Structures are given as C-alpha cells and as structure tokens.
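> What follows is a single structure, and I will ask about it in a moment.
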Amino acid sequence: MVHQPPAGARDLLPLDVAQKRWIENRLQQVFHGWGYHRIITSTIERLDTLMAGGAINRSTVIQVQDGEEESLGLRPELTASIARAAVTRMAGASYPLRLYYNANVFRQAQENSYSSQQEFYQAGVELIGGGGTVADAEILLLLADCLKSLELSKWHLILGEAELTRSLLAPFPSGLQDKIRRAIAHLDRVTLETLPLSEELQERALFLLDLRGRPADILQQVGTLELDPSGQEALSNLKSLVELLQECLSDASGHGDSLNIILDLSLIQTFDYYTGIVFEVVGESETGQRILGQGGRYDRLLQLYHPQGQNVPGIGFCLHIEDLYQILLPTGQLPRQIPRSDFLVVPQTSQADAAAIGCAQKLRSEANLVRVELDLGGRPPDAIREYARRRQIGKIIWVKADGSSEIEQLF
C-alpha cells in the first residue's frame, strides 16, 4: 500500500523548501527593514476566536474538537489569532505594534471550489494600534516593497473601501444589498437588470457596476453621489490616502511607479471584518492572473478579544506563498537545486571514525555556514567519489586513524 498525504495536503520536499524559503527570506528582510517583529501564534484556536464574531464563516474552519464546553479548530487565517494575542498576551506593550508572520493556515475545501487544497502558506504583517491615512499608506508601500524585493514587475493593486461601499449600497433594500454587491463584483449586468428594483435604484446599481478604474476618475464620480456622513468621511479618507501615495511615489523614495492602483468599490474579501480600505494584489503571468495577496483595515476586530472591550485599530495584509511561487518559477529566480555540501569527510578505516567526526566538527566550527557531510562507511572509494559527484560536493577529506588527512578536489 502506498501512503499519501490526505486530500488537500501535500509534502514539501527539500527543493520545495529551498524555493519556499527563498521567497520567505526576501520578504522577511523587507519586514525587518520596516521595523516589524515576528510573532508565532497557536495553530489550534478556540472556535469562537477563529470566527471573529461571525466575520469568518464556520464552514471554512477545519474543526479538531467539537465539544459542548469548548470547540477547537485550525486557523483559517492569522489576523484573528494575532489580534487575540496582541490585546491579551501583549497588553502592556506600546502601540503601534508592528508584527509579521510566516505560517501555514487551514481551510475546509468548499463544495463549489475547483481546488481541494486545505493547507496554505502565508507571509504577512499586522500593524496594530495605528489608525489613519499614514498607517494605511505604510501598509500599501510595505506591500509594494515586498513585491519589489521579489523582482515582480507585472502586478497591480485593486483598492476598495469597505465603509464607502456600505454607504453606496445603503439606499438598496437590505435583503438585496449582498446580492447587488456580488453581482457588481462579478460584472453580472444580467442579474442587476432582473432584480426587483425601482427604475432609480436600478440606474444606481448599473452606475456602480462601472465604478472601477483610475482612482482620480472614480473618486470624481463617487463625489457626485449623495452619501451618508460615514460615507462622506470614508470618501475623504480615501482621497487623502490616494494623494499621499501619489506624493510618496513621485519623490525620491525609490518606489518609482511601482504602485499601479485600480479603484474598485465592489471589492469583496473572504473574511468580513474589514472596516476601511480593502485591497488585493494581482500578479500577471503567461498563464493568466493570480491573486498574490490581500488585506485591509479592521478597526473593530480587536475589541472582540480585549478583556475590557477596548477598541484598537488595525490593518494588515497576507501574501500567498504558493501563488508567488507559481508566478516566480518561470522567471528562473528560484533555486533550481538544494544547497550542496562543501565537504565530504571520509574515515579511511573504522579506527579513523573518531578522527573523522572530529575533523568534520572542526570544519563546521571554523567556517561560517559551511556544510560538511560525514561518510557513514561501507562503501569503496569509487562509490564515495560517485556519491560526491552526484551531490556536487567539491571536496573529499580522507581521514586516517592517526588524525592526518588528505583533501581530494573533485571539481
């Protein structure tokens, strides 16, 4: 019987790991440069923590314990877990908290999904305790820096505003708002034209359908609509953010024109805890487009976990390692082989075993990041040389029982 991983999971072999680590290390350097610190939260959480007050659908969570007193599940994303840890375990820390993660997440495969994958790898950041336009700009510019570090050039940012979208949908009957928003997001004109709406509301729905494009154009069009006070505030904040980003990108900061923004006020995220800007980063390749990451502002999430119910603002994003891998693989940037060892230390007789082990240890301690393998015996010299050639080990050190040695250079 051949044993395989369960459906929706997979093994990462050494080359897979080397390529994954290449991506993660590039991102980690950027996170460090922006002053972010790594956090590792529990893979298993209480179900009420994972559901984030109902913002995360229970059907997406893989449950590992369903009890009367306490139900547990595997995290489907990291924001809720980090929010919980920030306001409970880090209660005495000074805000803002700049945190990042490299971790796996787990989601129940949905019936209508084309993929059965249930385990995913993500890297991302959370900026907790920082509200306002500057914090929003930091997150978006940090995202741009991450993609720049991976030398990705063909990508764009789809930017929305959750509160502004709610305001734009407010005139519609509450029972139809979600259907209208999804129809707009999927460019479904037929559905909008067949919904039971007045002529005025149908015109508004079709107007919103075309409300995506260059930020300046869309902001001007939205400005002609009647908005409630929260919508007006959200629109003002969005204008200020776009202006700040344009100013930052036009100076000598080194970002150049690397933030290609498409404003889309129908943008829908998987998890419904966002209160301000929401965004997706979309990469382009020969095989089509991929969503490389997403994020947004969640100013009411942390109070769900705060012992005193205190409201703490937050914003963050995650990047999908598998999708980054798929879009980077054709570029030739990712490692094509696992790191090779520098030395193969071989005891020439069984009496030389201790000396060979000592030689290998000395090499490891004297050189920085040197890779040293020890031959385990039982092979003739020609087989040892063939093994070294296959593994591309350039030097063999033959160790004698008296501790003396000879270095053979293979290539």
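Quick note on naming: the chains in the structure tokens go A, B, ... in the order shown, residues restart at 1 in each chain, and ligands are numbered from 1 in order of appearance.
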With a cut-off of 6 Å, could you pull out the residues of range 295-348 of chain A touching range 83-94 of chain A and give me the nearest pair of atoms for each, distance in Å to one decimal, using only C-alpha atoms, ordered by chain and ascending number, as JSON lines?

```
{"residue": "A:Leu302", "atom": "CA", "partner": "A:Ala83", "partner_atom": "CA", "distance": 5.5}
{"residue": "A:Tyr305", "atom": "CA", "partner": "A:Arg84", "partner_atom": "CA", "distance": 5.3}
{"residue": "A:His306", "atom": "CA", "partner": "A:Val87", "partner_atom": "CA", "distance": 5.3}
```
> Using DSSP secondary structure from the backbone, list all strand (DSSP E or B) positions within range 89-289 of chain A, as an NGL selection string.
:A and (97-106 or 119-128 or 155-161 or 212-213 or 261-264 or 277-285 or 288-289)
> Within 10 Å of Lys395 in chain A, counting only C-alpha atoms, which residues show up once you throw out same-chain ones fewer than 4 positions away? Write them as number ranges by chain, please.
A: 341-345, 372, 385, 388-389, 407-411
> Keeping only N, CA and C atoms, write the selected residues as a compact mmCIF listing (two decimals), in the first residue's frame.

```
# COMPACT_ATOMS: atom_id res chain seq x y z
N SER A 341 26.62 20.40 -0.20
CA SER A 341 27.60 20.40 0.87
C SER A 341 28.96 20.81 0.33
N ASP A 342 29.77 21.41 1.21
CA ASP A 342 31.10 21.86 0.80
C ASP A 342 32.15 20.76 0.92
N PHE A 343 31.99 19.91 1.92
CA PHE A 343 32.97 18.85 2.17
C PHE A 343 32.27 17.54 2.45
N LEU A 344 32.92 16.45 2.05
CA LEU A 344 32.55 15.10 2.48
C LEU A 344 33.75 14.53 3.22
N VAL A 345 33.60 14.28 4.51
CA VAL A 345 34.69 13.77 5.35
C VAL A 345 34.55 12.25 5.44
N VAL A 372 29.06 20.36 5.93
CA VAL A 372 30.01 19.25 6.00
C VAL A 372 29.24 17.94 6.22
N ARG A 385 33.32 8.57 -4.29
CA ARG A 385 33.55 9.65 -5.26
C ARG A 385 32.31 9.87 -6.13
N ALA A 388 29.74 11.77 -4.19
CA ALA A 388 30.10 13.18 -4.06
C ALA A 388 29.83 13.93 -5.37
N ARG A 389 30.12 13.31 -6.50
CA ARG A 389 29.86 13.96 -7.78
C ARG A 389 28.36 14.18 -8.00
N ILE A 407 43.12 16.10 1.26
CA ILE A 407 41.96 16.70 0.59
C ILE A 407 42.01 16.37 -0.89
N GLU A 408 40.92 15.79 -1.39
CA GLU A 408 40.81 15.48 -2.82
C GLU A 408 39.79 16.45 -3.43
N GLN A 409 40.24 17.23 -4.41
CA GLN A 409 39.39 18.21 -5.09
C GLN A 409 38.76 17.53 -6.30
N LEU A 410 37.45 17.42 -6.31
CA LEU A 410 36.77 16.76 -7.43
C LEU A 410 36.49 17.72 -8.57
N PHE A 411 36.10 18.95 -8.27
CA PHE A 411 35.85 19.95 -9.31
C PHE A 411 35.84 21.32 -8.67
```
> As a VMD selection string, please: all residues of range 84-186 of chain A that backbone DSSP puts in alpha helix (DSSP H).
chain A and resid 84 to 88 133 to 149 162 to 169 174 to 185
> Can you measure CA of Ile218 in chain A to CA of Arg189 in chain A for me? One decimal in Å is fine.
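We find that CA of Ile218 in chain A and CA of Arg189 in chain A lie 19.1 Å from each other.
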> Quick one: residues within 6 Å of range 35-40 of chain A, only C-alpha atoms, excluding same-chain residues fewer than 2 positions away - as JSON, numbers by chain?
{"A": [31, 32, 33, 98, 99, 100, 101]}
> Keeping N, CA and C atoms for every residue in the selection just given, could you write it to a file as a PDB file, in the first residue's frame?

```
ATOM      1  N   PHE A  31      10.321  43.020   5.877  1.00  0.00           N
ATOM      2  CA  PHE A  31       9.603  43.214   7.141  1.00  0.00           C
ATOM      3  C   PHE A  31      10.532  43.795   8.209  1.00  0.00           C
ATOM      4  N   HIS A  32      11.745  43.237   8.303  1.00  0.00           N
ATOM      5  CA  HIS A  32      12.707  43.751   9.285  1.00  0.00           C
ATOM      6  C   HIS A  32      13.065  45.210   8.991  1.00  0.00           C
ATOM      7  N   GLY A  33      13.239  45.522   7.718  1.00  0.00           N
ATOM      8  CA  GLY A  33      13.615  46.879   7.352  1.00  0.00           C
ATOM      9  C   GLY A  33      12.565  47.919   7.727  1.00  0.00           C
ATOM     10  N   ARG A  98       4.095  46.410  15.479  1.00  0.00           N
ATOM     11  CA  ARG A  98       4.383  46.006  14.103  1.00  0.00           C
ATOM     12  C   ARG A  98       4.802  44.536  14.139  1.00  0.00           C
ATOM     13  N   LEU A  99       3.937  43.668  13.627  1.00  0.00           N
ATOM     14  CA  LEU A  99       4.134  42.223  13.733  1.00  0.00           C
ATOM     15  C   LEU A  99       4.083  41.594  12.347  1.00  0.00           C
ATOM     16  N   TYR A 100       4.884  40.539  12.150  1.00  0.00           N
ATOM     17  CA  TYR A 100       4.808  39.800  10.893  1.00  0.00           C
ATOM     18  C   TYR A 100       4.812  38.308  11.173  1.00  0.00           C
ATOM     19  N   TYR A 101       4.464  37.513  10.173  1.00  0.00           N
ATOM     20  CA  TYR A 101       4.384  36.063  10.344  1.00  0.00           C
ATOM     21  C   TYR A 101       4.736  35.342   9.050  1.00  0.00           C
TER      22      TYR A 101
END
```
> Need the shell around Ala185 in chain A: protein/DNA/RNA residues with any atom at most 8 Å away, counting only C-alpha atoms. Skip same-chain ones fewer than 6 positions apart. Format as a PyMOL selection string?
chain A and resi 209+266-268
> Just checking: using only C-alpha atoms, which residue out of A:Gln108, A:Thr275, A:Gln337, A:Thr79 ends up closest to Arg390 in chain A?
A:Gln337
> Would you pick out the contacts of Pro339 in chain A at 12 Å or less, using only C-alpha atoms, so that residues sharing its chain but fewer than 3 positions from it are not included, and give the list as an NGL selection string?
:A and (14-19 or 21-22 or 335-336 or 342 or 369-372 or 391-393)
> For the residues selected in the previous step, produce a file with N, CA and C atoms as a PDB file, in the first residue's frame.

```
ATOM      1  N   PRO A  14      12.854  18.689  -0.143  1.00  0.00           N
ATOM      2  CA  PRO A  14      13.933  19.664   0.071  1.00  0.00           C
ATOM      3  C   PRO A  14      14.002  20.797  -0.944  1.00  0.00           C
ATOM      4  N   LEU A  15      13.816  20.512  -2.245  1.00  0.00           N
ATOM      5  CA  LEU A  15      13.865  21.599  -3.230  1.00  0.00           C
ATOM      6  C   LEU A  15      12.671  22.533  -3.056  1.00  0.00           C
ATOM      7  N   ASP A  16      11.493  21.963  -2.766  1.00  0.00           N
ATOM      8  CA  ASP A  16      10.318  22.797  -2.497  1.00  0.00           C
ATOM      9  C   ASP A  16      10.592  23.735  -1.329  1.00  0.00           C
ATOM     10  N   VAL A  17      11.211  23.197  -0.288  1.00  0.00           N
ATOM     11  CA  VAL A  17      11.507  24.001   0.899  1.00  0.00           C
ATOM     12  C   VAL A  17      12.504  25.102   0.572  1.00  0.00           C
ATOM     13  N   ALA A  18      13.537  24.756  -0.213  1.00  0.00           N
ATOM     14  CA  ALA A  18      14.541  25.765  -0.584  1.00  0.00           C
ATOM     15  C   ALA A  18      13.898  26.918  -1.358  1.00  0.00           C
ATOM     16  N   GLN A  19      12.974  26.600  -2.253  1.00  0.00           N
ATOM     17  CA  GLN A  19      12.313  27.638  -3.040  1.00  0.00           C
ATOM     18  C   GLN A  19      11.360  28.464  -2.179  1.00  0.00           C
ATOM     19  N   ARG A  21      11.650  28.916   1.076  1.00  0.00           N
ATOM     20  CA  ARG A  21      12.479  29.729   1.970  1.00  0.00           C
ATOM     21  C   ARG A  21      13.085  30.926   1.241  1.00  0.00           C
ATOM     22  N   TRP A  22      13.406  30.760  -0.030  1.00  0.00           N
ATOM     23  CA  TRP A  22      13.949  31.886  -0.821  1.00  0.00           C
ATOM     24  C   TRP A  22      12.947  33.034  -0.825  1.00  0.00           C
ATOM     25  N   PRO A 335      15.677  28.930  -6.530  1.00  0.00           N
ATOM     26  CA  PRO A 335      16.731  27.911  -6.572  1.00  0.00           C
ATOM     27  C   PRO A 335      16.298  26.713  -7.418  1.00  0.00           C
ATOM     28  N   ARG A 336      17.226  26.170  -8.190  1.00  0.00           N
ATOM     29  CA  ARG A 336      16.917  25.014  -9.032  1.00  0.00           C
ATOM     30  C   ARG A 336      17.444  23.708  -8.442  1.00  0.00           C
ATOM     31  N   ASP A 342      29.773  21.405   1.207  1.00  0.00           N
ATOM     32  CA  ASP A 342      31.103  21.863   0.799  1.00  0.00           C
ATOM     33  C   ASP A 342      32.148  20.762   0.916  1.00  0.00           C
ATOM     34  N   LEU A 369      28.626  29.026   8.065  1.00  0.00           N
ATOM     35  CA  LEU A 369      27.629  28.444   7.182  1.00  0.00           C
ATOM     36  C   LEU A 369      28.187  27.381   6.242  1.00  0.00           C
ATOM     37  N   VAL A 370      29.277  26.726   6.637  1.00  0.00           N
ATOM     38  CA  VAL A 370      29.825  25.656   5.809  1.00  0.00           C
ATOM     39  C   VAL A 370      28.996  24.390   6.019  1.00  0.00           C
ATOM     40  N   ARG A 371      28.816  23.627   4.955  1.00  0.00           N
ATOM     41  CA  ARG A 371      28.075  22.362   5.030  1.00  0.00           C
ATOM     42  C   ARG A 371      29.062  21.213   4.927  1.00  0.00           C
ATOM     43  N   VAL A 372      29.057  20.361   5.930  1.00  0.00           N
ATOM     44  CA  VAL A 372      30.005  19.245   5.996  1.00  0.00           C
ATOM     45  C   VAL A 372      29.237  17.942   6.223  1.00  0.00           C
ATOM     46  N   ARG A 391      26.105  14.529  -5.772  1.00  0.00           N
ATOM     47  CA  ARG A 391      25.629  15.562  -4.850  1.00  0.00           C
ATOM     48  C   ARG A 391      26.368  16.887  -5.031  1.00  0.00           C
ATOM     49  N   GLN A 392      27.279  16.911  -6.020  1.00  0.00           N
ATOM     50  CA  GLN A 392      28.057  18.119  -6.332  1.00  0.00           C
ATOM     51  C   GLN A 392      28.855  18.618  -5.130  1.00  0.00           C
ATOM     52  N   ILE A 393      29.426  17.692  -4.392  1.00  0.00           N
ATOM     53  CA  ILE A 393      30.321  18.029  -3.279  1.00  0.00           C
ATOM     54  C   ILE A 393      31.736  18.135  -3.852  1.00  0.00           C
TER      55      ILE A 393
END
```
> State, in Å with one decimal place, the distance from CA of Ala135 in chain A to CA of Leu225 in chain A.
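Rounded to one decimal, the two atoms are 27.5 Å apart.
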> CA of Gln348 in chain A to CA of Lys400 in chain A: how many Å, to one decimal?
5.7 Å
> When you look at Leu329 in chain A with a cut-off of 12 Å (counting only C-alpha atoms), what residues show up, excluding the ones that are within fewer than 5 positions of it in the same chain? I need them as a list in words.
Asp16, Gln19, Lys20, Trp22, Ile23, Leu150, Leu152, Ser285, Glu286, Thr287, Ile321, Glu322, Asp323, Leu324, Leu334, Pro335 and Arg336 of chain A
> Next, the residues of the selection above should be written as a PDB file, in the first residue's frame with N, CA, C and O atoms.

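The result, stored in part_12.pdb:
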```pdb
ATOM      1  N   ASP A  16      11.493  21.963  -2.766  1.00  0.00           N
ATOM      2  CA  ASP A  16      10.318  22.797  -2.497  1.00  0.00           C
ATOM      3  C   ASP A  16      10.592  23.735  -1.329  1.00  0.00           C
ATOM      4  O   ASP A  16      10.241  24.924  -1.360  1.00  0.00           O
ATOM      5  N   GLN A  19      12.974  26.600  -2.253  1.00  0.00           N
ATOM      6  CA  GLN A  19      12.313  27.638  -3.040  1.00  0.00           C
ATOM      7  C   GLN A  19      11.360  28.464  -2.179  1.00  0.00           C
ATOM      8  O   GLN A  19      11.290  29.686  -2.304  1.00  0.00           O
ATOM      9  N   LYS A  20      10.644  27.781  -1.293  1.00  0.00           N
ATOM     10  CA  LYS A  20       9.744  28.483  -0.375  1.00  0.00           C
ATOM     11  C   LYS A  20      10.534  29.409   0.542  1.00  0.00           C
ATOM     12  O   LYS A  20      10.147  30.562   0.775  1.00  0.00           O
ATOM     13  N   TRP A  22      13.406  30.760  -0.030  1.00  0.00           N
ATOM     14  CA  TRP A  22      13.949  31.886  -0.821  1.00  0.00           C
ATOM     15  C   TRP A  22      12.947  33.034  -0.825  1.00  0.00           C
ATOM     16  O   TRP A  22      13.312  34.197  -0.624  1.00  0.00           O
ATOM     17  N   ILE A  23      11.676  32.699  -1.066  1.00  0.00           N
ATOM     18  CA  ILE A  23      10.629  33.729  -1.066  1.00  0.00           C
ATOM     19  C   ILE A  23      10.474  34.329   0.321  1.00  0.00           C
ATOM     20  O   ILE A  23      10.455  35.555   0.492  1.00  0.00           O
ATOM     21  N   LEU A 150      11.016  40.782  -4.576  1.00  0.00           N
ATOM     22  CA  LEU A 150      10.907  39.544  -5.346  1.00  0.00           C
ATOM     23  C   LEU A 150      11.088  39.794  -6.838  1.00  0.00           C
ATOM     24  O   LEU A 150      10.966  38.868  -7.643  1.00  0.00           O
ATOM     25  N   LEU A 152       9.193  41.372  -8.881  1.00  0.00           N
ATOM     26  CA  LEU A 152       7.963  41.257  -9.659  1.00  0.00           C
ATOM     27  C   LEU A 152       7.630  42.624 -10.255  1.00  0.00           C
ATOM     28  O   LEU A 152       7.587  43.619  -9.545  1.00  0.00           O
ATOM     29  N   SER A 285       1.002  36.688 -15.315  1.00  0.00           N
ATOM     30  CA  SER A 285       1.985  35.755 -15.862  1.00  0.00           C
ATOM     31  C   SER A 285       1.486  35.259 -17.213  1.00  0.00           C
ATOM     32  O   SER A 285       0.398  35.637 -17.665  1.00  0.00           O
ATOM     33  N   GLU A 286       2.252  34.379 -17.841  1.00  0.00           N
ATOM     34  CA  GLU A 286       1.866  33.851 -19.141  1.00  0.00           C
ATOM     35  C   GLU A 286       0.599  33.003 -19.049  1.00  0.00           C
ATOM     36  O   GLU A 286      -0.132  32.856 -20.020  1.00  0.00           O
ATOM     37  N   THR A 287       0.346  32.416 -17.885  1.00  0.00           N
ATOM     38  CA  THR A 287      -0.825  31.551 -17.717  1.00  0.00           C
ATOM     39  C   THR A 287      -2.048  32.302 -17.202  1.00  0.00           C
ATOM     40  O   THR A 287      -3.080  31.705 -16.935  1.00  0.00           O
ATOM     41  N   ILE A 321       2.178  32.285  -0.457  1.00  0.00           N
ATOM     42  CA  ILE A 321       3.478  31.759  -0.892  1.00  0.00           C
ATOM     43  C   ILE A 321       3.341  30.889  -2.132  1.00  0.00           C
ATOM     44  O   ILE A 321       4.148  30.974  -3.069  1.00  0.00           O
ATOM     45  N   GLU A 322       2.299  30.029  -2.185  1.00  0.00           N
ATOM     46  CA  GLU A 322       2.146  29.155  -3.353  1.00  0.00           C
ATOM     47  C   GLU A 322       1.923  29.949  -4.631  1.00  0.00           C
ATOM     48  O   GLU A 322       2.493  29.618  -5.689  1.00  0.00           O
ATOM     49  N   ASP A 323       1.116  30.997  -4.556  1.00  0.00           N
ATOM     50  CA  ASP A 323       0.863  31.798  -5.762  1.00  0.00           C
ATOM     51  C   ASP A 323       2.097  32.596  -6.170  1.00  0.00           C
ATOM     52  O   ASP A 323       2.366  32.764  -7.367  1.00  0.00           O
ATOM     53  N   LEU A 324       2.842  33.092  -5.195  1.00  0.00           N
ATOM     54  CA  LEU A 324       4.108  33.756  -5.510  1.00  0.00           C
ATOM     55  C   LEU A 324       5.065  32.769  -6.171  1.00  0.00           C
ATOM     56  O   LEU A 324       5.761  33.108  -7.140  1.00  0.00           O
ATOM     57  N   LEU A 334      14.088  31.400  -8.653  1.00  0.00           N
ATOM     58  CA  LEU A 334      14.051  30.453  -7.541  1.00  0.00           C
ATOM     59  C   LEU A 334      15.187  29.436  -7.662  1.00  0.00           C
ATOM     60  O   LEU A 334      15.632  29.108  -8.769  1.00  0.00           O
ATOM     61  N   PRO A 335      15.677  28.930  -6.530  1.00  0.00           N
ATOM     62  CA  PRO A 335      16.731  27.911  -6.572  1.00  0.00           C
ATOM     63  C   PRO A 335      16.298  26.713  -7.418  1.00  0.00           C
ATOM     64  O   PRO A 335      15.139  26.292  -7.358  1.00  0.00           O
ATOM     65  N   ARG A 336      17.226  26.170  -8.190  1.00  0.00           N
ATOM     66  CA  ARG A 336      16.917  25.014  -9.032  1.00  0.00           C
ATOM     67  C   ARG A 336      17.444  23.708  -8.442  1.00  0.00           C
ATOM     68  O   ARG A 336      17.205  22.642  -9.000  1.00  0.00           O
TER      69      ARG A 336
END
```
> Using only C-alpha atoms, which residue out of A:Leu141, A:Pro307, A:Gly283, A:Ala52 lies closest to Leu249 in chain A?
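Between A:Leu141, A:Pro307, A:Gly283, A:Ala52, the residue approaching Leu249 in chain A most closely is A:Leu141.
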> My list of candidates is A:Leu97, A:Leu219, A:Leu263, A:Ala234. Which is closest to Arg166 in chain A when distances are computed with only C-alpha atoms?
A:Ala234
> Sorted by chain and rising residue number, list the residues of range 78-183 of chain A at most 10 Å from range 192-197 of chain A (counting only C-alpha atoms), each with its closest atom pair and distance in Å to one decimal, as a Markdown table.

```
| residue | atom | partner | partner_atom | distance |
| --- | --- | --- | --- | --- |
| A:Phe172 | CA | A:Leu197 | CA | 8.2 |
| A:Pro173 | CA | A:Leu197 | CA | 8.7 |
| A:Leu176 | CA | A:Leu195 | CA | 8.4 |
| A:Lys179 | CA | A:Leu192 | CA | 8.8 |
| A:Ile180 | CA | A:Leu192 | CA | 6.7 |
| A:Arg181 | CA | A:Leu192 | CA | 9.6 |
| A:Arg182 | CA | A:Leu192 | CA | 9.9 |
| A:Ala183 | CA | A:Leu192 | CA | 6.7 |
```
> Could you write out the selected residues, including all heavy atoms, as a CSV table (one decimal), in the first residue's frame?

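Result file part.csv:
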```csv
chain,number,residue,atom,x,y,z
A,172,PHE,N,-30.3,50.7,-1.2
A,172,PHE,CA,-31.0,49.5,-1.7
A,172,PHE,C,-31.6,48.7,-0.5
A,172,PHE,O,-31.2,48.8,0.6
A,172,PHE,CB,-30.0,48.6,-2.4
A,172,PHE,CG,-29.3,49.2,-3.6
A,172,PHE,CD1,-28.1,49.8,-3.5
A,172,PHE,CD2,-30.0,49.1,-4.8
A,172,PHE,CE1,-27.5,50.3,-4.7
A,172,PHE,CE2,-29.4,49.6,-5.9
A,172,PHE,CZ,-28.2,50.2,-5.9
A,173,PRO,N,-32.7,47.9,-0.8
A,173,PRO,CA,-33.3,47.1,0.3
A,173,PRO,C,-32.2,46.2,0.9
A,173,PRO,O,-31.4,45.6,0.2
A,173,PRO,CB,-34.3,46.3,-0.5
A,173,PRO,CG,-34.6,47.1,-1.7
A,173,PRO,CD,-33.4,47.8,-2.1
A,176,LEU,N,-31.4,42.8,-0.4
A,176,LEU,CA,-30.8,42.7,-1.7
A,176,LEU,C,-29.4,43.2,-1.8
A,176,LEU,O,-28.7,43.0,-2.8
A,176,LEU,CB,-31.6,43.4,-2.8
A,176,LEU,CG,-33.0,42.9,-3.0
A,176,LEU,CD1,-33.8,43.8,-4.0
A,176,LEU,CD2,-33.0,41.5,-3.6
A,179,LYS,N,-26.6,40.6,-2.6
A,179,LYS,CA,-26.7,40.1,-4.0
A,179,LYS,C,-26.3,41.2,-5.0
A,179,LYS,O,-25.6,40.8,-6.0
A,179,LYS,CB,-28.2,39.7,-4.2
A,179,LYS,CG,-28.4,39.1,-5.6
A,179,LYS,CD,-29.8,38.6,-5.7
A,179,LYS,CE,-30.1,37.4,-4.8
A,179,LYS,NZ,-31.4,36.8,-5.1
A,180,ILE,N,-26.6,42.4,-4.7
A,180,ILE,CA,-26.2,43.5,-5.6
A,180,ILE,C,-24.7,43.7,-5.6
A,180,ILE,O,-24.1,43.8,-6.7
A,180,ILE,CB,-26.9,44.8,-5.2
A,180,ILE,CG1,-28.4,44.7,-5.5
A,180,ILE,CG2,-26.3,46.0,-6.0
A,180,ILE,CD1,-29.2,45.9,-4.9
A,181,ARG,N,-24.1,43.6,-4.4
A,181,ARG,CA,-22.7,43.8,-4.4
A,181,ARG,C,-21.9,42.7,-5.1
A,181,ARG,O,-21.0,42.9,-5.8
A,181,ARG,CB,-22.2,43.8,-2.9
A,181,ARG,CG,-20.7,44.1,-2.7
A,181,ARG,CD,-20.4,44.1,-1.3
A,181,ARG,NE,-18.9,44.4,-1.1
A,181,ARG,CZ,-18.3,44.4,0.1
A,181,ARG,NH1,-19.0,44.1,1.2
A,181,ARG,NH2,-17.0,44.6,0.1
A,182,ARG,N,-22.4,41.4,-4.9
A,182,ARG,CA,-21.8,40.3,-5.6
A,182,ARG,C,-22.0,40.4,-7.1
A,182,ARG,O,-21.0,40.0,-7.9
A,182,ARG,CB,-22.3,39.0,-5.0
A,182,ARG,CG,-21.9,38.7,-3.6
A,182,ARG,CD,-22.2,37.4,-3.1
A,182,ARG,NE,-21.7,37.2,-1.7
A,182,ARG,CZ,-20.5,36.9,-1.4
A,182,ARG,NH1,-19.6,36.7,-2.4
A,182,ARG,NH2,-20.1,36.8,-0.2
A,183,ALA,N,-23.1,40.8,-7.5
A,183,ALA,CA,-23.3,41.0,-9.0
A,183,ALA,C,-22.4,42.0,-9.6
A,183,ALA,O,-21.8,41.8,-10.6
A,183,ALA,CB,-24.8,41.3,-9.2
```
> Given the choices A:Leu328, A:Ile82, A:Leu74, A:Ala170, which gets closest to Arg290 in chain A if the distance is worked out from only C-alpha atoms?
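Checking each candidate against Arg290 in chain A, we get A:Leu328 as the closest.
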